[in-house]
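Structure file work16.pdb with PDB, C-alpha atoms:
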```pdb
ATOM      1  CA  MET A 143     -54.040 -24.815  76.091  1.00  0.00           C
ATOM      2  CA  SER A 144     -56.225 -27.331  77.753  1.00  0.00           C
ATOM      3  CA  THR A 145     -54.878 -29.363  80.617  1.00  0.00           C
ATOM      4  CA  ALA A 146     -57.532 -32.053  80.187  1.00  0.00           C
ATOM      5  CA  PRO A 147     -56.289 -35.632  79.798  1.00  0.00           C
ATOM      6  CA  TYR A 148     -55.905 -36.860  76.236  1.00  0.00           C
ATOM      7  CA  ASP A 149     -57.613 -39.960  74.924  1.00  0.00           C
ATOM      8  CA  PHE A 150     -54.768 -42.155  73.753  1.00  0.00           C
ATOM      9  CA  ALA A 151     -57.163 -44.347  71.779  1.00  0.00           C
ATOM     10  CA  ALA A 152     -58.203 -41.335  69.658  1.00  0.00           C
ATOM     11  CA  GLY A 153     -54.920 -40.981  67.765  1.00  0.00           C
ATOM     12  CA  ASP A 154     -52.787 -39.187  70.318  1.00  0.00           C
ATOM     13  CA  PRO A 155     -49.227 -40.440  70.691  1.00  0.00           C
ATOM     14  CA  GLY A 156     -48.896 -43.597  72.704  1.00  0.00           C
ATOM     15  CA  ARG A 157     -47.520 -43.810  76.200  1.00  0.00           C
ATOM     16  CA  ALA A 158     -44.261 -45.320  74.940  1.00  0.00           C
ATOM     17  CA  SER A 159     -43.755 -42.344  72.626  1.00  0.00           C
ATOM     18  CA  ILE A 160     -44.436 -39.931  75.466  1.00  0.00           C
ATOM     19  CA  ARG A 161     -41.953 -41.740  77.711  1.00  0.00           C
ATOM     20  CA  LEU A 162     -39.386 -41.595  74.906  1.00  0.00           C
ATOM     21  CA  TRP A 163     -39.788 -37.817  74.426  1.00  0.00           C
ATOM     22  CA  ARG A 164     -39.630 -37.241  78.169  1.00  0.00           C
ATOM     23  CA  ALA A 165     -36.376 -39.239  78.324  1.00  0.00           C
ATOM     24  CA  VAL A 166     -34.864 -37.430  75.331  1.00  0.00           C
ATOM     25  CA  THR A 167     -35.742 -34.077  76.858  1.00  0.00           C
ATOM     26  CA  LEU A 168     -34.288 -35.102  80.223  1.00  0.00           C
ATOM     27  CA  VAL A 169     -31.001 -36.082  78.567  1.00  0.00           C
ATOM     28  CA  LEU A 170     -30.866 -32.709  76.786  1.00  0.00           C
ATOM     29  CA  VAL A 171     -31.582 -30.831  80.031  1.00  0.00           C
ATOM     30  CA  ALA A 172     -28.810 -32.786  81.742  1.00  0.00           C
ATOM     31  CA  GLY A 173     -26.507 -31.835  78.864  1.00  0.00           C
ATOM     32  CA  PHE A 174     -27.223 -28.135  79.333  1.00  0.00           C
ATOM     33  CA  PHE A 175     -26.556 -28.487  83.053  1.00  0.00           C
ATOM     34  CA  LEU A 176     -23.297 -30.314  82.280  1.00  0.00           C
ATOM     35  CA  GLU A 177     -22.360 -27.428  79.985  1.00  0.00           C
ATOM     36  CA  ALA A 178     -22.662 -25.100  82.994  1.00  0.00           C
ATOM     37  CA  VAL A 179     -20.473 -27.453  85.029  1.00  0.00           C
ATOM     38  CA  PHE A 180     -17.800 -27.327  82.313  1.00  0.00           C
ATOM     39  CA  ALA A 181     -18.028 -23.525  82.303  1.00  0.00           C
ATOM     40  CA  GLY A 182     -17.451 -23.470  86.045  1.00  0.00           C
ATOM     41  CA  ALA A 183     -14.477 -25.809  85.709  1.00  0.00           C
ATOM     42  CA  MET A 184     -13.088 -23.571  82.986  1.00  0.00           C
ATOM     43  CA  LEU A 185     -13.429 -20.499  85.184  1.00  0.00           C
ATOM     44  CA  SER A 186     -11.697 -22.440  87.962  1.00  0.00           C
ATOM     45  CA  GLY A 187      -8.678 -22.930  85.718  1.00  0.00           C
ATOM     46  CA  ALA A 188      -9.120 -26.530  84.541  1.00  0.00           C
ATOM     47  CA  GLY A 189      -7.386 -26.662  81.167  1.00  0.00           C
ATOM     48  CA  TRP A 190      -9.470 -29.559  79.819  1.00  0.00           C
ATOM     49  CA  ALA A 191     -12.740 -27.737  80.444  1.00  0.00           C
ATOM     50  CA  LEU A 192     -12.457 -25.331  77.486  1.00  0.00           C
ATOM     51  CA  LYS A 193     -12.462 -28.172  74.948  1.00  0.00           C
ATOM     52  CA  ALA A 194     -15.193 -30.032  76.840  1.00  0.00           C
ATOM     53  CA  HIS A 195     -17.293 -26.843  76.977  1.00  0.00           C
ATOM     54  CA  ALA A 196     -16.895 -26.224  73.226  1.00  0.00           C
ATOM     55  CA  LEU A 197     -17.529 -29.855  72.251  1.00  0.00           C
ATOM     56  CA  THR A 198     -20.604 -30.115  74.450  1.00  0.00           C
ATOM     57  CA  ALA A 199     -21.983 -26.889  72.972  1.00  0.00           C
ATOM     58  CA  GLY A 200     -21.782 -28.253  69.441  1.00  0.00           C
ATOM     59  CA  LEU A 201     -23.329 -31.564  70.415  1.00  0.00           C
ATOM     60  CA  LEU A 202     -26.144 -29.830  72.297  1.00  0.00           C
ATOM     61  CA  ILE A 203     -26.978 -27.518  69.397  1.00  0.00           C
ATOM     62  CA  ALA A 204     -27.140 -30.410  66.912  1.00  0.00           C
ATOM     63  CA  SER A 205     -29.029 -32.806  69.175  1.00  0.00           C
ATOM     64  CA  THR A 206     -31.491 -30.193  70.439  1.00  0.00           C
ATOM     65  CA  ALA A 207     -32.258 -28.964  66.917  1.00  0.00           C
ATOM     66  CA  THR A 208     -32.729 -32.551  65.725  1.00  0.00           C
ATOM     67  CA  ALA A 209     -34.963 -33.418  68.663  1.00  0.00           C
ATOM     68  CA  GLY A 210     -36.954 -30.224  68.172  1.00  0.00           C
ATOM     69  CA  LEU A 211     -37.554 -30.940  64.496  1.00  0.00           C
ATOM     70  CA  LEU A 212     -38.438 -34.574  65.089  1.00  0.00           C
ATOM     71  CA  SER A 213     -40.786 -33.853  67.973  1.00  0.00           C
ATOM     72  CA  ALA A 214     -42.463 -31.001  66.089  1.00  0.00           C
ATOM     73  CA  LEU A 215     -43.042 -33.326  63.130  1.00  0.00           C
ATOM     74  CA  THR A 216     -44.067 -36.464  64.994  1.00  0.00           C
ATOM     75  CA  LEU A 217     -46.184 -34.741  67.646  1.00  0.00           C
ATOM     76  CA  ARG A 218     -47.557 -31.853  65.560  1.00  0.00           C
ATOM     77  CA  ARG A 219     -51.226 -32.879  65.887  1.00  0.00           C
ATOM     78  CA  PHE A 220     -50.874 -33.126  69.651  1.00  0.00           C
ATOM     79  CA  PRO A 221     -50.786 -29.581  71.150  1.00  0.00           C
ATOM     80  CA  PRO A 222     -48.399 -30.337  74.034  1.00  0.00           C
ATOM     81  CA  GLY A 223     -46.149 -32.188  71.586  1.00  0.00           C
ATOM     82  CA  LEU A 224     -46.002 -29.293  69.158  1.00  0.00           C
ATOM     83  CA  ARG A 225     -45.173 -26.998  72.074  1.00  0.00           C
ATOM     84  CA  LEU A 226     -42.318 -29.298  73.111  1.00  0.00           C
ATOM     85  CA  GLY A 227     -40.939 -29.205  69.578  1.00  0.00           C
ATOM     86  CA  LEU A 228     -41.094 -25.422  69.432  1.00  0.00           C
ATOM     87  CA  VAL A 229     -39.457 -25.035  72.845  1.00  0.00           C
ATOM     88  CA  LEU A 230     -36.653 -27.389  71.794  1.00  0.00           C
ATOM     89  CA  LEU A 231     -36.144 -25.468  68.543  1.00  0.00           C
ATOM     90  CA  ALA A 232     -36.011 -22.192  70.489  1.00  0.00           C
ATOM     91  CA  LEU A 233     -33.502 -23.781  72.861  1.00  0.00           C
ATOM     92  CA  ALA A 234     -31.331 -24.876  69.924  1.00  0.00           C
ATOM     93  CA  ALA A 235     -31.437 -21.387  68.402  1.00  0.00           C
ATOM     94  CA  ALA A 236     -30.546 -19.773  71.720  1.00  0.00           C
ATOM     95  CA  ALA A 237     -27.706 -22.273  72.191  1.00  0.00           C
ATOM     96  CA  PHE A 238     -26.398 -21.379  68.727  1.00  0.00           C
ATOM     97  CA  VAL A 239     -26.346 -17.670  69.616  1.00  0.00           C
ATOM     98  CA  GLN A 240     -24.741 -18.508  72.959  1.00  0.00           C
ATOM     99  CA  SER A 241     -22.065 -20.555  71.207  1.00  0.00           C
ATOM    100  CA  ALA A 242     -21.275 -17.732  68.782  1.00  0.00           C
ATOM    101  CA  VAL A 243     -20.925 -15.256  71.649  1.00  0.00           C
ATOM    102  CA  GLY A 244     -18.744 -17.777  73.495  1.00  0.00           C
ATOM    103  CA  ALA A 245     -16.478 -18.242  70.484  1.00  0.00           C
ATOM    104  CA  LEU A 246     -16.025 -14.490  70.202  1.00  0.00           C
ATOM    105  CA  THR A 247     -15.309 -14.289  73.936  1.00  0.00           C
ATOM    106  CA  ALA A 248     -12.668 -17.025  73.615  1.00  0.00           C
ATOM    107  CA  LYS A 249     -11.005 -15.009  70.826  1.00  0.00           C
ATOM    108  CA  GLY A 250     -10.574 -12.052  73.155  1.00  0.00           C
ATOM    109  CA  HIS A 251     -13.704 -10.005  72.574  1.00  0.00           C
ATOM    110  CA  ASN A 252     -15.089  -8.528  75.764  1.00  0.00           C
ATOM    111  CA  LEU A 253     -18.375 -10.429  75.747  1.00  0.00           C
ATOM    112  CA  ALA A 254     -18.222 -12.509  78.925  1.00  0.00           C
ATOM    113  CA  TRP A 255     -20.745 -10.049  80.396  1.00  0.00           C
ATOM    114  CA  LEU A 256     -23.211 -11.382  77.792  1.00  0.00           C
ATOM    115  CA  HIS A 257     -22.071 -15.000  77.514  1.00  0.00           C
ATOM    116  CA  ILE A 258     -22.490 -15.869  81.192  1.00  0.00           C
ATOM    117  CA  PRO A 259     -26.058 -14.539  81.665  1.00  0.00           C
ATOM    118  CA  LEU A 260     -27.094 -16.162  78.377  1.00  0.00           C
ATOM    119  CA  GLY A 261     -25.825 -19.451  79.772  1.00  0.00           C
ATOM    120  CA  VAL A 262     -28.017 -19.005  82.826  1.00  0.00           C
ATOM    121  CA  ALA A 263     -30.972 -18.257  80.534  1.00  0.00           C
ATOM    122  CA  LEU A 264     -30.255 -21.449  78.573  1.00  0.00           C
ATOM    123  CA  VAL A 265     -30.514 -23.542  81.716  1.00  0.00           C
ATOM    124  CA  GLY A 266     -33.853 -21.850  82.445  1.00  0.00           C
ATOM    125  CA  LEU A 267     -35.098 -22.489  78.908  1.00  0.00           C
ATOM    126  CA  ALA A 268     -33.988 -26.106  79.222  1.00  0.00           C
ATOM    127  CA  GLY A 269     -36.148 -26.254  82.342  1.00  0.00           C
ATOM    128  CA  GLN A 270     -39.084 -25.032  80.234  1.00  0.00           C
ATOM    129  CA  ALA A 271     -38.415 -27.862  77.802  1.00  0.00           C
ATOM    130  CA  ALA A 272     -38.546 -30.311  80.708  1.00  0.00           C
ATOM    131  CA  ALA A 273     -41.844 -28.777  81.850  1.00  0.00           C
ATOM    132  CA  SER A 274     -43.240 -29.144  78.313  1.00  0.00           C
ATOM    133  CA  ALA A 275     -42.184 -32.785  78.237  1.00  0.00           C
ATOM    134  CA  ARG A 276     -43.900 -33.397  81.572  1.00  0.00           C
ATOM    135  CA  ARG A 277     -47.143 -32.036  80.079  1.00  0.00           C
ATOM    136  CA  LEU A 278     -47.181 -34.728  77.421  1.00  0.00           C
ATOM    137  CA  GLY A 279     -49.970 -37.094  78.266  1.00  0.00           C
ATOM    138  CA  ALA A 280     -51.119 -35.020  81.236  1.00  0.00           C
TER
END
```
Let me see the file written as structure tokens.
Amino acid sequence: MSTAPYDFAAGDPGRASIRLWRAVTLVLVAGFFLEAVFAGAMLSGAGWALKAHALTAGLLIASTATAGLLSALTLRRFPPGLRLGLVLLALAAAAFVQSAVGALTAKGHNLAWLHIPLGVALVGLAGQAAASARRLGA
């Protein structure tokens, strides 16, 4: 992909749209980091953290999938925008798998060895989404 600046007068998304997608992506990245904080609190024995961890997971899957679909549709003619949408959709799919493994772990299946490293990978993939958002309008 080219890293050349885009001509906003030639039909590329406007600066306000780019700022919006950067903000949305930043909120999602913060949510994935917060999910890791709740996991740490849960491992430290905080009783409230299990419900917070599960609730946050569901909200992140829904909001990331929605953002991915919307950004892929609204920014599809803009290569960095399409990439952002695809990264967000991949992040939502990975979060769904992570949530399923977590639910099985909570029911007593011995899958913490998989759930924890997948969580680390999710934070890394969220970082890729943030990098894609930064490339909008570059």
query: Which polymer residues, protein or nucleic acid, are no farther than 12 Å from (-29.0, -25.6, 81.2), counting all atoms listed in the file, as a ChimeraX atom specification?
result: /A:167-181,198-199,202,206,233-234,236-237,240,258-272
For the selection you just gave me, I'd like the residues written to a file as an mmCIF file, keeping the file's coordinate frame, keeping C-alpha atoms.
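The file below, selection-v4.cif, is the result:
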```cif
data_model
loop_
_atom_site.group_PDB
_atom_site.id
_atom_site.type_symbol
_atom_site.label_atom_id
_atom_site.label_comp_id
_atom_site.auth_asym_id
_atom_site.auth_seq_id
_atom_site.Cartn_x
_atom_site.Cartn_y
_atom_site.Cartn_z
ATOM 1 C CA THR A 167 -35.742 -34.077 76.858
ATOM 2 C CA LEU A 168 -34.288 -35.102 80.223
ATOM 3 C CA VAL A 169 -31.001 -36.082 78.567
ATOM 4 C CA LEU A 170 -30.866 -32.709 76.786
ATOM 5 C CA VAL A 171 -31.582 -30.831 80.031
ATOM 6 C CA ALA A 172 -28.810 -32.786 81.742
ATOM 7 C CA GLY A 173 -26.507 -31.835 78.864
ATOM 8 C CA PHE A 174 -27.223 -28.135 79.333
ATOM 9 C CA PHE A 175 -26.556 -28.487 83.053
ATOM 10 C CA LEU A 176 -23.297 -30.314 82.280
ATOM 11 C CA GLU A 177 -22.360 -27.428 79.985
ATOM 12 C CA ALA A 178 -22.662 -25.100 82.994
ATOM 13 C CA VAL A 179 -20.473 -27.453 85.029
ATOM 14 C CA PHE A 180 -17.800 -27.327 82.313
ATOM 15 C CA ALA A 181 -18.028 -23.525 82.303
ATOM 16 C CA THR A 198 -20.604 -30.115 74.450
ATOM 17 C CA ALA A 199 -21.983 -26.889 72.972
ATOM 18 C CA LEU A 202 -26.144 -29.830 72.297
ATOM 19 C CA THR A 206 -31.491 -30.193 70.439
ATOM 20 C CA LEU A 233 -33.502 -23.781 72.861
ATOM 21 C CA ALA A 234 -31.331 -24.876 69.924
ATOM 22 C CA ALA A 236 -30.546 -19.773 71.720
ATOM 23 C CA ALA A 237 -27.706 -22.273 72.191
ATOM 24 C CA GLN A 240 -24.741 -18.508 72.959
ATOM 25 C CA ILE A 258 -22.490 -15.869 81.192
ATOM 26 C CA PRO A 259 -26.058 -14.539 81.665
ATOM 27 C CA LEU A 260 -27.094 -16.162 78.377
ATOM 28 C CA GLY A 261 -25.825 -19.451 79.772
ATOM 29 C CA VAL A 262 -28.017 -19.005 82.826
ATOM 30 C CA ALA A 263 -30.972 -18.257 80.534
ATOM 31 C CA LEU A 264 -30.255 -21.449 78.573
ATOM 32 C CA VAL A 265 -30.514 -23.542 81.716
ATOM 33 C CA GLY A 266 -33.853 -21.850 82.445
ATOM 34 C CA LEU A 267 -35.098 -22.489 78.908
ATOM 35 C CA ALA A 268 -33.988 -26.106 79.222
ATOM 36 C CA GLY A 269 -36.148 -26.254 82.342
ATOM 37 C CA GLN A 270 -39.084 -25.032 80.234
ATOM 38 C CA ALA A 271 -38.415 -27.862 77.802
ATOM 39 C CA ALA A 272 -38.546 -30.311 80.708
#
```
task: Just give me the gap between atom CA of A:Ala196 and atom CA of A:Ala248 in Å, one decimal is fine.
output: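 Spanning atom CA of A:Ala196 to atom CA of A:Ala248 is a straight-line distance of 10.1 Å.
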- request: Enter the distance from atom CA of A:Leu246 to atom CA of A:Thr208, in Å, rounded to one decimal.
  value: 25.0 Å
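When only C-alpha atoms are used to measure the gap to A:Arg277, the shortest distance among A:Ala207, A:Val243, A:Ala188, A:Leu224 belongs to A:Leu224.
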- prompt: By how many Å are atom CA of A:Ile160 and atom CA of A:Ile203 apart?
  reply: 22.3 Å
Give the padded box for stretch 190-193 of chain A as JSON: axis-aligned, covering all atoms listed in the file, 4 Å on each side, centre and edge lengths in Å to one decimal.
```
{"center_x": -11.1, "center_y": -27.4, "center_z": 77.7, "size_x": 11.3, "size_y": 12.2, "size_z": 13.5}
```
message: Taking only C-alpha atoms into account, name the residue in A:Leu211, A:Val229, A:Trp255, A:Gly156 that is nearest to A:Ala275.
response: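 Checking each candidate against A:Ala275, we get A:Val229 as the closest.
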task: Find the residues near A:Ala245: any atom within 12 Å, counting only C-alpha atoms, skip ones fewer than 2 places away on the same chain, and give them as a list in words.
output: Leu192, Lys193, His195, Ala196, Leu197, Ala199, Gly200, Phe238, Val239, Gln240, Ser241, Ala242, Val243, Thr247, Ala248, Lys249, Gly250, His251, Asn252, Leu253, Ala254 and His257 of chain A
Could you save the residues just selected, with C-alpha atoms, as a compact mmCIF listing (two decimals), in the coordinates of the input?
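That gives us selection02.txt:
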```
# COMPACT_ATOMS: atom_id res chain seq x y z
CA LEU A 192 -12.46 -25.33 77.49
CA LYS A 193 -12.46 -28.17 74.95
CA HIS A 195 -17.29 -26.84 76.98
CA ALA A 196 -16.90 -26.22 73.23
CA LEU A 197 -17.53 -29.86 72.25
CA ALA A 199 -21.98 -26.89 72.97
CA GLY A 200 -21.78 -28.25 69.44
CA PHE A 238 -26.40 -21.38 68.73
CA VAL A 239 -26.35 -17.67 69.62
CA GLN A 240 -24.74 -18.51 72.96
CA SER A 241 -22.06 -20.56 71.21
CA ALA A 242 -21.28 -17.73 68.78
CA VAL A 243 -20.92 -15.26 71.65
CA THR A 247 -15.31 -14.29 73.94
CA ALA A 248 -12.67 -17.02 73.61
CA LYS A 249 -11.00 -15.01 70.83
CA GLY A 250 -10.57 -12.05 73.16
CA HIS A 251 -13.70 -10.01 72.57
CA ASN A 252 -15.09 -8.53 75.76
CA LEU A 253 -18.38 -10.43 75.75
CA ALA A 254 -18.22 -12.51 78.92
CA HIS A 257 -22.07 -15.00 77.51
```
task: Have a look at A:Leu215, A:Ala194, A:Ala209, A:Ala183 and name the one nearest to A:Trp163; count only C-alpha atoms.
output: A:Ala209
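The smallest atom-to-atom distance between A:Ala235 and any of A:Leu185, A:Ala204, A:Val166, A:Ala273, using all atoms listed in the file, is found for A:Ala204.
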Write stretch 247-264 of chain A as a compact mmCIF listing (two decimals), in the frame of the given file, completed to N, CA and C atoms.
```txt
# COMPACT_ATOMS: atom_id res chain seq x y z
N THR A 247 -15.92 -14.54 72.63
CA THR A 247 -15.31 -14.29 73.94
C THR A 247 -13.97 -15.01 74.04
N ALA A 248 -13.91 -16.25 73.56
CA ALA A 248 -12.67 -17.02 73.61
C ALA A 248 -11.59 -16.41 72.74
N LYS A 249 -11.98 -15.67 71.71
CA LYS A 249 -11.00 -15.01 70.83
C LYS A 249 -10.59 -13.64 71.35
N GLY A 250 -11.03 -13.29 72.54
CA GLY A 250 -10.57 -12.05 73.16
C GLY A 250 -11.55 -10.90 73.15
N HIS A 251 -12.71 -11.07 72.54
CA HIS A 251 -13.70 -10.01 72.57
C HIS A 251 -14.30 -9.92 73.98
N ASN A 252 -14.59 -8.75 74.41
CA ASN A 252 -15.09 -8.53 75.76
C ASN A 252 -16.59 -8.79 75.82
N LEU A 253 -16.96 -10.07 75.76
CA LEU A 253 -18.38 -10.43 75.75
C LEU A 253 -18.76 -11.40 76.86
N ALA A 254 -17.88 -11.61 77.81
CA ALA A 254 -18.22 -12.51 78.92
C ALA A 254 -19.43 -11.98 79.69
N TRP A 255 -19.60 -10.66 79.72
CA TRP A 255 -20.74 -10.05 80.40
C TRP A 255 -22.06 -10.49 79.76
N LEU A 256 -22.02 -10.90 78.49
CA LEU A 256 -23.21 -11.38 77.79
C LEU A 256 -23.27 -12.91 77.79
N HIS A 257 -22.13 -13.54 77.62
CA HIS A 257 -22.07 -15.00 77.51
C HIS A 257 -22.56 -15.69 78.79
N ILE A 258 -22.14 -15.21 79.93
CA ILE A 258 -22.49 -15.87 81.19
C ILE A 258 -23.99 -15.77 81.50
N PRO A 259 -24.61 -14.58 81.42
CA PRO A 259 -26.06 -14.54 81.67
C PRO A 259 -26.87 -15.32 80.62
N LEU A 260 -26.40 -15.35 79.38
CA LEU A 260 -27.09 -16.16 78.38
C LEU A 260 -27.04 -17.65 78.74
N GLY A 261 -25.93 -18.06 79.32
CA GLY A 261 -25.82 -19.45 79.77
C GLY A 261 -26.83 -19.77 80.86
N VAL A 262 -27.02 -18.83 81.77
CA VAL A 262 -28.02 -19.00 82.83
C VAL A 262 -29.41 -19.09 82.20
N ALA A 263 -29.68 -18.23 81.22
CA ALA A 263 -30.97 -18.26 80.53
C ALA A 263 -31.20 -19.58 79.81
N LEU A 264 -30.13 -20.15 79.25
CA LEU A 264 -30.26 -21.45 78.57
C LEU A 264 -30.68 -22.55 79.54
```
